[in-house]
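Have a look at my_file-v4.txt; it's compact mmCIF, C-alpha atoms and all ligand atoms:
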```
# COMPACT_ATOMS: atom_id res chain seq x y z
CA MET A 6 6.63 21.10 30.24
CA SER A 7 7.67 18.71 27.54
CA CYS A 8 10.00 18.62 24.57
CA TYR A 9 10.37 15.75 22.09
CA VAL A 10 12.91 14.87 19.42
CA SER A 11 12.34 12.55 16.43
CA VAL A 12 14.79 11.46 13.77
CA ILE A 13 12.80 11.78 10.54
CA THR A 14 15.43 10.44 8.12
CA SER A 15 15.98 6.70 7.63
CA SER A 16 18.34 4.87 9.99
CA SER A 17 20.33 3.43 7.05
CA ARG A 18 23.64 5.00 5.93
CA GLY A 19 23.37 8.52 4.55
CA ALA A 20 25.19 11.86 4.51
CA LEU A 21 22.49 13.69 6.44
CA ALA A 22 20.25 13.13 9.42
CA VAL A 23 17.21 15.37 9.91
CA LEU A 24 15.69 15.79 13.37
CA ARG A 25 12.53 17.50 14.49
CA VAL A 26 12.29 18.96 17.98
CA TRP A 27 8.81 19.87 19.12
CA GLY A 28 6.72 20.44 22.23
CA PRO A 29 6.37 23.52 24.50
CA ARG A 30 10.07 23.59 25.52
CA ALA A 31 11.51 22.86 22.04
CA VAL A 32 13.15 26.28 21.52
CA GLU A 33 14.59 26.39 25.03
CA VAL A 34 16.01 22.82 24.80
CA VAL A 35 17.67 23.46 21.42
CA GLY A 36 18.96 26.74 22.86
CA ALA A 37 20.64 24.81 25.69
CA ALA A 38 22.22 22.14 23.44
CA TRP A 39 23.19 24.12 20.31
CA ARG A 40 26.17 26.49 20.22
CA PRO A 41 26.03 29.06 17.40
CA ARG A 42 29.04 29.49 15.07
CA ARG A 43 28.30 33.19 15.28
CA GLY A 44 25.67 35.50 16.67
CA ALA A 45 23.34 35.15 19.63
CA GLY A 46 21.81 31.99 21.12
CA PHE A 47 19.13 29.93 19.36
CA GLU A 48 16.22 31.49 21.31
CA VAL A 49 16.52 34.75 19.32
CA SER A 50 16.61 33.04 15.89
CA GLU A 51 14.36 34.30 13.12
CA VAL A 52 11.65 31.92 11.96
CA GLY A 53 12.67 30.11 8.73
CA ARG A 54 16.34 31.16 8.84
CA PRO A 55 18.87 28.28 8.93
CA ARG A 56 21.80 28.85 11.31
CA LEU A 57 25.05 26.92 11.59
CA GLY A 58 26.23 25.72 14.99
CA LEU A 59 27.47 22.75 17.01
CA ILE A 60 25.75 20.19 19.20
CA GLY A 61 27.35 17.50 21.37
CA ALA A 62 30.19 16.79 23.76
CA GLY A 63 33.77 17.73 22.75
CA LEU A 64 33.88 19.49 19.39
CA GLY A 65 30.37 18.21 18.71
CA ASP A 66 28.67 17.74 15.33
CA GLU A 67 28.11 20.63 12.97
CA VAL A 68 24.35 21.14 12.89
CA VAL A 69 22.13 23.50 10.89
CA ALA A 70 19.27 24.59 13.15
CA THR A 71 16.12 26.24 11.79
CA LEU A 72 13.28 27.61 13.87
CA ILE A 73 10.28 26.41 11.87
CA SER A 74 7.65 27.99 14.10
CA ARG A 75 7.42 29.58 17.54
CA ALA A 76 3.79 28.64 18.14
CA PRO A 77 3.58 25.72 18.23
CA PRO A 78 7.34 25.46 18.84
CA GLN A 79 9.06 23.45 16.07
CA VAL A 80 12.77 23.23 15.30
CA GLU A 81 14.45 21.30 12.49
CA LEU A 82 18.06 20.17 12.85
CA HIS A 83 20.27 18.90 10.02
CA GLY A 84 23.33 17.00 11.22
CA HIS A 85 25.61 14.36 9.76
CA GLY A 86 24.14 10.93 9.03
CA GLY A 87 25.41 7.69 10.52
CA SER A 88 24.69 6.36 13.97
CA ALA A 89 27.77 7.78 15.77
CA ALA A 90 27.23 11.41 14.73
CA LEU A 91 23.51 11.09 15.35
CA THR A 92 24.02 9.65 18.84
CA LEU A 93 26.26 12.59 19.73
CA VAL A 94 23.49 15.05 18.83
CA LEU A 95 20.64 13.04 20.36
CA ASP A 96 22.51 12.52 23.64
CA ALA A 97 23.07 16.26 23.97
CA LEU A 98 19.40 17.02 23.28
CA VAL A 99 18.26 14.43 25.81
CA VAL A 100 20.62 15.89 28.44
CA ALA A 101 19.09 19.32 27.68
CA GLY A 102 15.61 17.91 28.39
CA ALA A 103 14.23 16.32 25.18
CA THR A 104 12.56 12.89 25.08
CA LEU A 105 13.21 10.67 22.05
CA ARG A 106 10.03 9.73 20.18
CA PRO A 107 9.46 7.66 17.01
CA PRO A 108 8.96 9.79 13.87
CA SER A 109 5.33 8.62 13.56
CA ASP A 110 4.62 10.50 16.84
CA TRP A 111 5.88 13.72 15.29
CA VAL A 112 3.78 13.10 12.15
CA ARG A 113 0.71 12.58 14.35
CA ASP A 114 1.47 15.83 16.18
CA GLU A 115 1.92 17.76 12.91
CA ALA A 116 -0.95 16.40 10.84
CA GLY A 117 -4.43 17.92 10.82
CA SER A 118 -6.09 14.67 11.89
CA ALA A 119 -5.38 10.98 12.48
CA LEU A 120 -6.27 10.40 8.81
CA GLU A 121 -3.64 12.78 7.46
CA ALA A 122 -1.07 11.34 9.87
CA ALA A 123 -1.84 7.77 8.75
CA ALA A 124 -1.53 8.85 5.09
CA LEU A 125 1.88 10.41 5.79
CA VAL A 126 3.07 7.26 7.59
CA GLU A 127 1.90 5.06 4.68
CA LEU A 128 3.51 7.48 2.21
CA THR A 129 6.95 6.53 3.55
CA ARG A 130 6.28 2.96 2.32
CA ALA A 131 4.57 3.78 -1.01
CA PRO A 132 6.00 1.40 -3.64
CA THR A 133 4.95 3.32 -6.78
CA ALA A 134 4.42 6.94 -7.85
CA ARG A 135 0.69 6.27 -8.34
CA VAL A 136 0.32 5.07 -4.75
CA ALA A 137 2.40 8.03 -3.52
CA GLU A 138 0.16 10.52 -5.38
CA PHE A 139 -2.94 8.87 -3.96
CA LEU A 140 -1.58 9.02 -0.40
CA LEU A 141 -0.44 12.63 -0.86
CA ASP A 142 -4.04 13.56 -1.72
CA GLN A 143 -5.20 11.94 1.52
CA SER A 144 -2.33 13.48 3.53
CA LEU A 145 -3.50 16.90 2.28
CA GLY A 146 -6.93 16.24 3.79
CA ALA A 147 -9.07 14.85 0.91
CA LEU A 148 -10.59 12.06 3.01
CA ARG A 149 -10.87 14.19 6.17
CA ARG A 150 -12.79 16.93 4.34
CA ALA A 151 -15.11 14.40 2.69
CA LEU A 152 -15.91 12.79 6.04
CA GLU A 153 -16.46 16.14 7.75
CA GLU A 154 -18.86 17.29 4.99
CA THR A 155 -20.70 13.98 5.01
CA ALA A 156 -21.01 14.05 8.81
CA VAL A 157 -22.69 17.49 8.57
CA LEU A 158 -25.19 16.14 6.00
CA CYS A 159 -26.08 13.32 8.43
CA GLY A 160 -28.01 15.92 10.45
CA GLY A 161 -30.25 16.85 7.48
CA GLY A 162 -33.53 15.66 5.98
CA PRO A 163 -34.28 12.87 3.45
CA ASP A 164 -32.50 14.64 0.55
CA GLU A 165 -29.34 15.13 2.58
CA LEU A 166 -29.44 11.54 3.83
CA ALA A 167 -29.78 10.30 0.24
CA ALA A 168 -26.68 12.35 -0.59
CA VAL A 169 -24.87 10.81 2.39
CA ARG A 170 -25.73 7.32 1.14
CA ALA A 171 -24.43 8.14 -2.34
CA ARG A 172 -21.21 9.62 -0.92
CA LEU A 173 -20.58 6.65 1.37
CA THR A 174 -21.25 4.20 -1.46
CA ARG A 175 -18.66 5.95 -3.64
CA LEU A 176 -16.18 6.10 -0.73
CA ILE A 177 -16.54 2.35 -0.24
CA ALA A 178 -16.02 1.63 -3.96
CA VAL A 179 -12.87 3.77 -4.23
CA GLY A 180 -11.75 2.69 -0.76
CA ARG A 181 -11.63 -0.97 -1.78
CA VAL A 182 -9.15 0.09 -4.46
CA GLY A 183 -7.36 2.52 -2.12
CA ALA A 184 -6.80 -0.14 0.53
CA ARG A 185 -5.52 -2.53 -2.16
CA MET A 186 -3.15 0.12 -3.52
CA VAL A 187 -1.64 0.64 -0.08
CA ALA A 188 -1.49 -2.99 1.07
CA GLY A 189 -0.65 -4.33 -2.42
CA ALA A 190 -2.97 -6.68 -4.30
CA ARG A 191 -2.34 -10.42 -4.65
CA ALA A 192 -3.01 -12.38 -7.82
CA ALA A 193 -2.71 -16.18 -7.84
CA ILE A 194 -1.86 -18.11 -10.99
CA VAL A 195 -3.79 -21.36 -10.84
CA GLY A 196 -4.40 -24.29 -13.18
CA ARG A 197 -3.66 -27.89 -14.02
CA PRO A 198 0.00 -29.02 -14.19
CA ASN A 199 1.99 -28.03 -17.27
CA VAL A 200 -0.47 -25.48 -18.66
CA GLY A 201 2.26 -22.79 -18.38
CA LYS A 202 1.56 -21.08 -15.02
CA SER A 203 5.23 -20.54 -14.17
CA SER A 204 5.95 -19.37 -17.73
CA LEU A 205 3.10 -16.88 -17.34
CA LEU A 206 4.45 -15.61 -13.99
CA ASN A 207 7.80 -15.00 -15.67
CA ALA A 208 6.15 -13.24 -18.62
CA LEU A 209 4.07 -11.03 -16.30
CA VAL A 210 6.96 -9.92 -14.09
CA GLY A 211 9.49 -9.75 -16.92
CA TYR A 212 12.21 -12.06 -15.59
CA GLU A 213 12.78 -15.75 -14.93
CA ARG A 214 11.42 -15.94 -11.39
CA ALA A 215 9.98 -19.47 -11.49
CA ILE A 216 11.39 -22.70 -12.88
CA VAL A 217 9.71 -23.82 -16.08
CA ASP A 218 9.93 -27.40 -17.28
CA GLN A 219 8.12 -29.73 -19.63
CA ALA A 220 7.59 -32.20 -16.75
CA ALA A 221 4.16 -31.79 -15.14
CA GLY A 222 4.39 -31.07 -11.40
CA THR A 223 7.48 -28.83 -11.65
CA THR A 224 6.24 -26.16 -9.24
CA ARG A 225 5.72 -27.70 -5.83
CA ASP A 226 5.73 -24.68 -3.57
CA VAL A 227 4.13 -21.26 -3.66
CA VAL A 228 6.46 -18.91 -5.56
CA SER A 229 5.75 -15.19 -5.51
CA SER A 230 7.08 -12.07 -7.15
CA ARG A 231 6.16 -8.39 -6.87
CA ALA A 232 5.48 -6.14 -9.83
CA ALA A 233 3.58 -2.96 -10.65
CA LEU A 234 0.72 -2.92 -13.17
CA ASP A 235 -0.28 0.55 -14.23
CA GLY A 236 1.23 1.83 -10.97
CA LEU A 237 -0.68 -0.71 -8.87
CA PRO A 238 1.53 -2.92 -6.69
CA VAL A 239 0.73 -6.59 -7.27
CA GLU A 240 2.23 -9.72 -5.80
CA PHE A 241 1.90 -12.58 -8.30
CA VAL A 242 1.74 -15.99 -6.72
CA ASP A 243 2.60 -19.05 -8.82
CA THR A 244 1.23 -22.30 -7.44
CA ALA A 245 1.61 -26.04 -7.89
CA GLY A 246 -0.50 -27.47 -10.72
CA LEU A 247 -3.80 -28.77 -9.37
CA ARG A 248 -4.24 -32.52 -9.76
CA ALA A 249 -4.30 -35.65 -7.57
CA ALA A 250 -0.71 -35.43 -6.29
CA ARG A 251 1.82 -38.17 -7.03
CA ASP A 252 3.76 -37.79 -3.76
CA ASP A 253 3.69 -36.00 -0.39
CA VAL A 254 5.69 -32.97 -1.54
CA GLU A 255 3.40 -32.38 -4.49
CA ALA A 256 0.38 -32.93 -2.22
CA ALA A 257 1.67 -30.21 0.13
CA GLY A 258 2.13 -27.89 -2.87
CA VAL A 259 -1.38 -28.61 -4.15
CA ALA A 260 -2.86 -27.98 -0.68
CA ALA A 261 -0.93 -24.67 -0.46
CA ALA A 262 -2.19 -23.71 -3.94
CA ARG A 263 -5.80 -24.28 -2.86
CA GLY A 264 -5.14 -22.21 0.30
CA VAL A 265 -3.66 -19.31 -1.68
CA ARG A 266 -6.78 -19.10 -3.82
CA ALA A 267 -8.78 -18.27 -0.72
CA VAL A 268 -6.84 -15.13 0.19
CA VAL A 269 -6.11 -13.36 -3.10
CA ASP A 270 -7.82 -10.47 -4.90
CA VAL A 271 -7.52 -11.99 -8.39
CA VAL A 272 -7.34 -15.60 -9.57
CA ILE A 273 -5.69 -16.09 -12.96
CA LEU A 274 -7.04 -19.43 -14.10
CA VAL A 275 -4.80 -20.85 -16.83
CA PHE A 276 -5.65 -23.49 -19.44
CA ASP A 277 -3.54 -25.07 -22.17
CA ARG A 278 -5.39 -24.15 -25.36
CA SER A 279 -3.45 -26.72 -27.39
CA ARG A 280 -4.81 -29.71 -25.44
CA PRO A 281 -8.30 -31.06 -24.82
CA LEU A 282 -9.86 -30.07 -21.49
CA GLU A 283 -9.41 -32.54 -18.64
CA SER A 284 -11.70 -33.19 -15.69
CA GLU A 285 -9.52 -30.98 -13.40
CA ASP A 286 -9.97 -28.10 -15.90
CA GLU A 287 -13.74 -28.62 -15.72
CA ARG A 288 -13.61 -28.57 -11.91
CA LEU A 289 -11.62 -25.33 -11.95
CA LEU A 290 -14.04 -23.73 -14.43
CA ALA A 291 -16.99 -24.71 -12.25
CA GLY A 292 -15.34 -23.16 -9.16
CA ARG A 293 -14.65 -19.73 -10.68
CA ASP A 294 -15.96 -16.58 -9.02
CA ASP A 295 -15.94 -12.85 -9.70
CA ARG A 296 -12.21 -12.65 -8.95
CA THR A 297 -11.38 -15.09 -11.75
CA ILE A 298 -9.74 -14.17 -15.07
CA LEU A 299 -9.71 -17.00 -17.62
CA VAL A 300 -6.52 -17.39 -19.67
CA ALA A 301 -6.00 -19.66 -22.68
CA ASN A 302 -2.24 -20.19 -22.90
CA LYS A 303 -0.02 -21.56 -25.69
CA SER A 304 -1.76 -19.53 -28.39
CA ASP A 305 1.31 -20.14 -30.57
CA LEU A 306 0.32 -23.82 -30.87
CA PRO A 307 -2.66 -25.20 -32.83
CA ASN A 308 -5.95 -24.76 -30.97
CA ALA A 309 -7.47 -28.02 -29.67
CA GLY A 310 -10.83 -26.22 -29.43
CA GLY A 311 -11.82 -27.42 -25.94
CA LEU A 312 -12.21 -23.89 -24.56
CA ALA A 313 -14.75 -22.65 -27.09
CA SER A 314 -17.83 -21.10 -25.41
CA ARG A 315 -16.32 -21.40 -21.90
CA GLY A 316 -16.62 -17.68 -21.22
CA PRO A 317 -14.42 -14.72 -22.11
CA MET A 318 -10.84 -15.97 -22.39
CA ILE A 319 -7.69 -13.91 -22.77
CA GLU A 320 -5.50 -15.69 -25.32
CA VAL A 321 -1.79 -15.56 -24.51
CA SER A 322 1.45 -17.21 -25.37
CA ALA A 323 3.54 -17.07 -22.22
CA ALA A 324 6.45 -18.41 -24.26
CA ARG A 325 6.30 -15.66 -26.91
CA GLY A 326 4.71 -12.85 -24.89
CA ASP A 327 1.64 -12.51 -27.15
CA GLY A 328 -1.42 -11.23 -25.27
CA VAL A 329 0.48 -10.62 -22.00
CA ASP A 330 -0.18 -6.85 -22.14
CA ASP A 331 -3.93 -7.54 -22.52
CA LEU A 332 -3.74 -9.81 -19.51
CA ARG A 333 -1.89 -7.14 -17.49
CA ALA A 334 -4.62 -4.62 -18.36
CA ALA A 335 -7.35 -7.09 -17.37
CA ILE A 336 -5.65 -7.76 -14.01
CA ALA A 337 -5.25 -4.01 -13.35
CA ALA A 338 -8.93 -3.43 -14.17
CA ARG A 339 -9.95 -6.24 -11.80
CA ILE A 340 -7.79 -4.84 -8.99
CA ALA A 341 -8.92 -1.25 -9.51
CA PRO A 342 -12.43 -1.24 -11.00
CA HIS A 343 -13.17 2.18 -9.43
CA PRO A 344 -9.80 3.89 -9.07
CA PRO A 345 -9.81 7.14 -7.07
CA GLN A 346 -9.47 10.18 -9.36
CA PRO A 347 -6.63 12.67 -8.69
CA GLY A 348 -7.50 14.66 -5.57
CA GLU A 349 -10.49 12.45 -4.74
CA ALA A 350 -11.15 11.37 -1.16
CA ALA A 351 -10.68 7.64 -0.58
CA PRO A 352 -10.24 5.40 2.43
CA PHE A 353 -6.84 3.71 2.34
CA LEU A 354 -6.74 1.39 5.37
CA PRO A 355 -9.06 -1.55 6.13
CA GLU A 356 -10.29 0.11 9.33
CA HIS A 357 -11.46 3.17 7.35
CA LEU A 358 -13.45 0.93 5.03
CA ALA A 359 -14.94 -1.00 7.94
CA ALA A 360 -16.08 2.21 9.67
CA ILE A 361 -17.62 3.65 6.48
CA GLU A 362 -19.39 0.38 5.70
CA ALA A 363 -20.72 0.37 9.26
CA ALA A 364 -21.92 3.99 8.86
CA LEU A 365 -23.81 3.08 5.68
CA GLU A 366 -25.46 0.16 7.49
CA LEU A 367 -26.47 2.51 10.31
CA LEU A 368 -28.09 4.87 7.79
CA HIS A 369 -30.04 1.97 6.34
CA SER A 370 -31.26 1.21 9.88
CA ASP A 371 -32.30 4.85 10.33
CA ARG A 372 -29.54 5.80 12.79
CA PRO A 373 -27.92 8.85 11.11
CA ASP A 374 -26.76 10.20 14.49
CA ILE A 375 -24.66 7.09 15.21
CA ALA A 376 -23.50 6.96 11.58
CA ARG A 377 -22.25 10.53 11.98
CA ALA A 378 -20.36 9.64 15.17
CA ARG A 379 -18.77 6.64 13.41
CA LEU A 380 -17.49 8.87 10.60
CA LEU A 381 -16.15 11.57 12.93
CA ALA A 382 -14.39 8.95 15.08
CA LEU A 383 -12.11 8.26 12.10
CA LEU A 384 -10.66 11.77 12.37
CA GLY A 385 -9.12 10.83 15.75
N1 LIG B 401 4.52 -23.60 -27.03
C1 LIG B 401 4.35 -23.10 -25.81
N2 LIG B 401 4.83 -23.74 -24.73
C2 LIG B 401 4.64 -23.20 -23.52
C3 LIG B 401 3.97 -21.96 -23.33
N3 LIG B 401 3.93 -21.70 -22.01
C4 LIG B 401 4.57 -22.72 -21.39
N4 LIG B 401 4.99 -23.63 -22.28
C5 LIG B 401 5.72 -24.89 -22.02
O1 LIG B 401 4.88 -25.71 -21.23
C6 LIG B 401 5.68 -26.47 -20.31
C7 LIG B 401 5.17 -26.25 -18.89
O2 LIG B 401 5.41 -24.89 -18.55
P1 LIG B 401 5.40 -24.41 -17.02
O3 LIG B 401 5.42 -22.93 -17.08
O4 LIG B 401 6.48 -25.11 -16.26
O5 LIG B 401 3.98 -24.94 -16.59
P2 LIG B 401 3.32 -24.98 -15.12
O6 LIG B 401 1.87 -24.80 -15.32
O7 LIG B 401 4.02 -24.04 -14.21
O8 LIG B 401 3.61 -26.48 -14.69
P3 LIG B 401 3.66 -27.11 -13.20
O9 LIG B 401 4.56 -26.27 -12.37
O10 LIG B 401 4.23 -28.44 -13.46
O11 LIG B 401 2.26 -27.16 -12.71
C8 LIG B 401 7.12 -26.02 -20.52
O12 LIG B 401 7.76 -26.94 -21.39
C9 LIG B 401 6.96 -24.66 -21.18
O13 LIG B 401 8.06 -24.32 -21.99
C10 LIG B 401 3.49 -21.30 -24.50
O14 LIG B 401 2.89 -20.20 -24.46
N5 LIG B 401 3.69 -21.90 -25.71
MG MG B 402 5.01 -24.32 -12.51
```
Here is the file; what I need is its structure written in the form of C-alpha cells.
Amino acid sequence: MSCYVSVITSSSRGALAVLRVWGPRAVEVVGAAWRPRRGAGFEVSEVGRPRLGLIGAGLGDEVVATLISRAPPQVELHGHGGSAALTLVLDALVVAGATLRPPSDWVRDEAGSALEAAALVELTRAPTARVAEFLLDQSLGALRRALEETAVLCGGGPDELAAVRARLTRLIAVGRVGARMVAGARAAIVGRPNVGKSSLLNALVGYERAIVDQAAGTTRDVVSSRAALDGLPVEFVDTAGLRAARDDVEAAGVAAARGVRAVVDVVILVFDRSRPLESEDERLLAGRDDRTILVANKSDLPNAGGLASRGPMIEVSAARGDGVDDLRAAIAARIAPHPPQPGEAAPFLPEHLAAIEAALELLHSDRPDIARARLLALLG
C-alpha cells in the first residue's frame, strides 16, 4: 500500500513550502509523522479544516495539515520554505512510509486525463497571462472534451464524419497557434548589411539589445531577445547582414543567419528604403515564402523608390519608431492567424498536433475506427 509526497512549491527561497501527500496510505502516514498542537491525531481530522501541528525530529517544523479528501486520500501540508526546514519535514514523512515523487507525478494523479495534466505542467512555465489563460482552459478539460466528443462522432455515418473532419481541421488550425504560444514563436530579422536590422530588433523589444553602427557588417553573430506581442511570446533573432562576407568571422555569421531562417516561424525581411535595391536584396525578395513579412526601413529618409511594386511593405523608421506598432501587429497576426477563442479546445503540444493530423489523414483514407483510437490515445 503506497503513499507519495510531492513538494509543489518552487525550490527557490520562499517563506512557505507546500507539500501534497497522496496514495492509499496518505492519511495514515501523515498521522504517524504529524503531532497536533491540540486535539486528536490527524486520522480523525475533518475534511477541509486546516490544523496546526509539528513534523520532524527534535522540536520539528510547525506545519499546517489539511485533509483535502479521504477518498482518494489527499493531504496538503504547509511548512516553512527553505531547504533545511523542508528536509526536516520530508525526512519525517519518508520515515513514516512516504515515497518522494516529482510534483508532475502528483499533477498526473490529480488531473482528469494526460491532457489536463500536461496543461497544468505547462501552466507552471507560462510566460504571459494570455498563454496562462489558454492553458487554464485546456487544464479544465476543453481539449479532452472536444476529443471525446469527436471520437464518438467517428462511429457515425457520412454526416457525422463530415463534422469530424471539420472539427479536426479547426483543431489543427488553432493547435498550430496553441503549440506556438506554449513553445514561444521565433522571428528572424534578415536583410542586407546596414539596412537597420539591429535597430529594428531594439525598436521591437524596446531596449538596446543589439549593437547598431553605421559600418556594414556590425552584427556577426546571432543575437536574440524575448518579448511578448499581444500576449504571444516571441523570440526575435537578429542576424548578420547577408552579403559575400569579407572575412571568416563574418562568413560564420552569414552562414548562421541563413541557418536561422530555416527554423523560424516568421522572417522579417528588411530593406533600406532610402537606397536603391542591390542584387542581394533581389535574391532575398525572390526567396521569400509565406512566413515572410517585408519591411521598408528608414522611412524618415527620402525614398529612393526601389521598393515600389515589390509587394505589400510595412514602412518603418527603426530610428524614430514610426510604423513599429504596425509591424508588431503584423508579426502577431502571422504567428497567430487562428488564435483559440476563450474556452475553446486547442492542442498545445507538438505531439497533440501530430496525432490529430494523423487522425484526419486516417479519415481521408476511410479508417474512422483507427482515427478514433488515435484521438482517444491522447487522453492517456
Ligand atoms: N535615418 C535612419 N537611420 C537608420 C534607421 N535604422 C537604422 N539606421 C542607421 O543605419 C545604420 C545601420 O543600422 P544597424 O541597425 O546597425 O543595421 P544592421 O542591418 O543591423 O547592420 P549589420 O549588422 O551591419 O548587418 C546605423 O547607422 C543606424 O543608425 C532609420 O530608421 N533611419
Ligand atoms: Mg546588425
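Between atom C5 of ligand LIG 401 (chain B) and CA of Pro198 (chain A) the separation is 10.5 Å.
Minimum atom-to-atom distances from A:Leu158, A:Leu282, A:Val49, A:Leu93 to Ala22 (chain A) were compared using only C-alpha atoms, and the lowest value belongs to A:Leu93.
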Would you mind telling me which residue in A:Ala221, A:Ala338, A:Leu299, A:Val268 lies nearest to ligand MG 402 (chain B) when using all atoms listed in the file?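 Among the listed residues, the smallest separation from ligand MG 402 (chain B) belongs to A:Ala221.
For the atom pair formed by CA of Pro317 (chain A) and CA of Val228 (chain A), the distance is 27.0 Å, given to one decimal.
With only C-alpha atoms and all ligand atoms as the atoms that count, the residue of A:Arg170, A:Arg25, A:Arg175, A:Arg197 with the shortest distance to ligand LIG 401 (chain B) is A:Arg197.
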Within 9 Å of Val321 (chain A) using only C-alpha atoms, minus same-chain residues under 3 positions, as a list in words: Leu205, Val300, Ala301, Asn302, Lys303, Ser304, Asp305, Ala324, Arg325, Gly326, Asp327, Gly328, Val329, Asp331 and Leu332 of chain A
Set out as a Markdown table a contact list for chain A and ligand LIG 401 (chain B) with a cut-off of 6 Å, giving each residue of chain A that qualifies its closest atom pair and distance in Å to one decimal, counting all atoms listed in the file, ordered by chain and rising residue number.
```
| residue | atom | partner | partner_atom | distance |
| --- | --- | --- | --- | --- |
| A:Pro198 | CA | B:LIG401 | O11 | 3.3 |
| A:Asn199 | CA | B:LIG401 | O8 | 3.4 |
| A:Val200 | CA | B:LIG401 | O6 | 4.1 |
| A:Gly201 | CA | B:LIG401 | O5 | 3.3 |
| A:Lys202 | CA | B:LIG401 | O6 | 3.7 |
| A:Ser203 | CA | B:LIG401 | O7 | 3.7 |
| A:Ser204 | CA | B:LIG401 | O3 | 3.7 |
| A:Val217 | CA | B:LIG401 | O4 | 3.5 |
| A:Asp218 | CA | B:LIG401 | O4 | 4.3 |
| A:Gln219 | CA | B:LIG401 | O12 | 3.3 |
| A:Ala221 | CA | B:LIG401 | O10 | 3.7 |
| A:Gly222 | CA | B:LIG401 | O10 | 3.3 |
| A:Thr223 | CA | B:LIG401 | O10 | 3.7 |
| A:Thr224 | CA | B:LIG401 | O9 | 3.6 |
| A:Ala245 | CA | B:LIG401 | O11 | 5.0 |
| A:Gly246 | CA | B:LIG401 | O11 | 3.4 |
| A:Asn302 | CA | B:LIG401 | O14 | 5.4 |
| A:Lys303 | CA | B:LIG401 | O14 | 3.4 |
| A:Asp305 | CA | B:LIG401 | N5 | 5.7 |
| A:Leu306 | CA | B:LIG401 | N1 | 5.7 |
| A:Ser322 | CA | B:LIG401 | O14 | 3.4 |
| A:Ala323 | CA | B:LIG401 | O14 | 3.9 |
| A:Ala324 | CA | B:LIG401 | O14 | 4.0 |
```
Selected residue of minimal separation from His369 (chain A) among A:Ile216, A:Ala249, A:Ala167, A:Ala190, counting all atoms listed in the file: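 Using all atoms listed in the file, the shortest distance to His369 (chain A) belongs to A:Ala167.
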Rank A:Asp243, A:Asp66, A:Glu356, A:Asp96 by their smallest atom-to-atom distance to ligand MG 402 (chain B), using all atoms listed in the file, and report the top residue only. A:Asp243
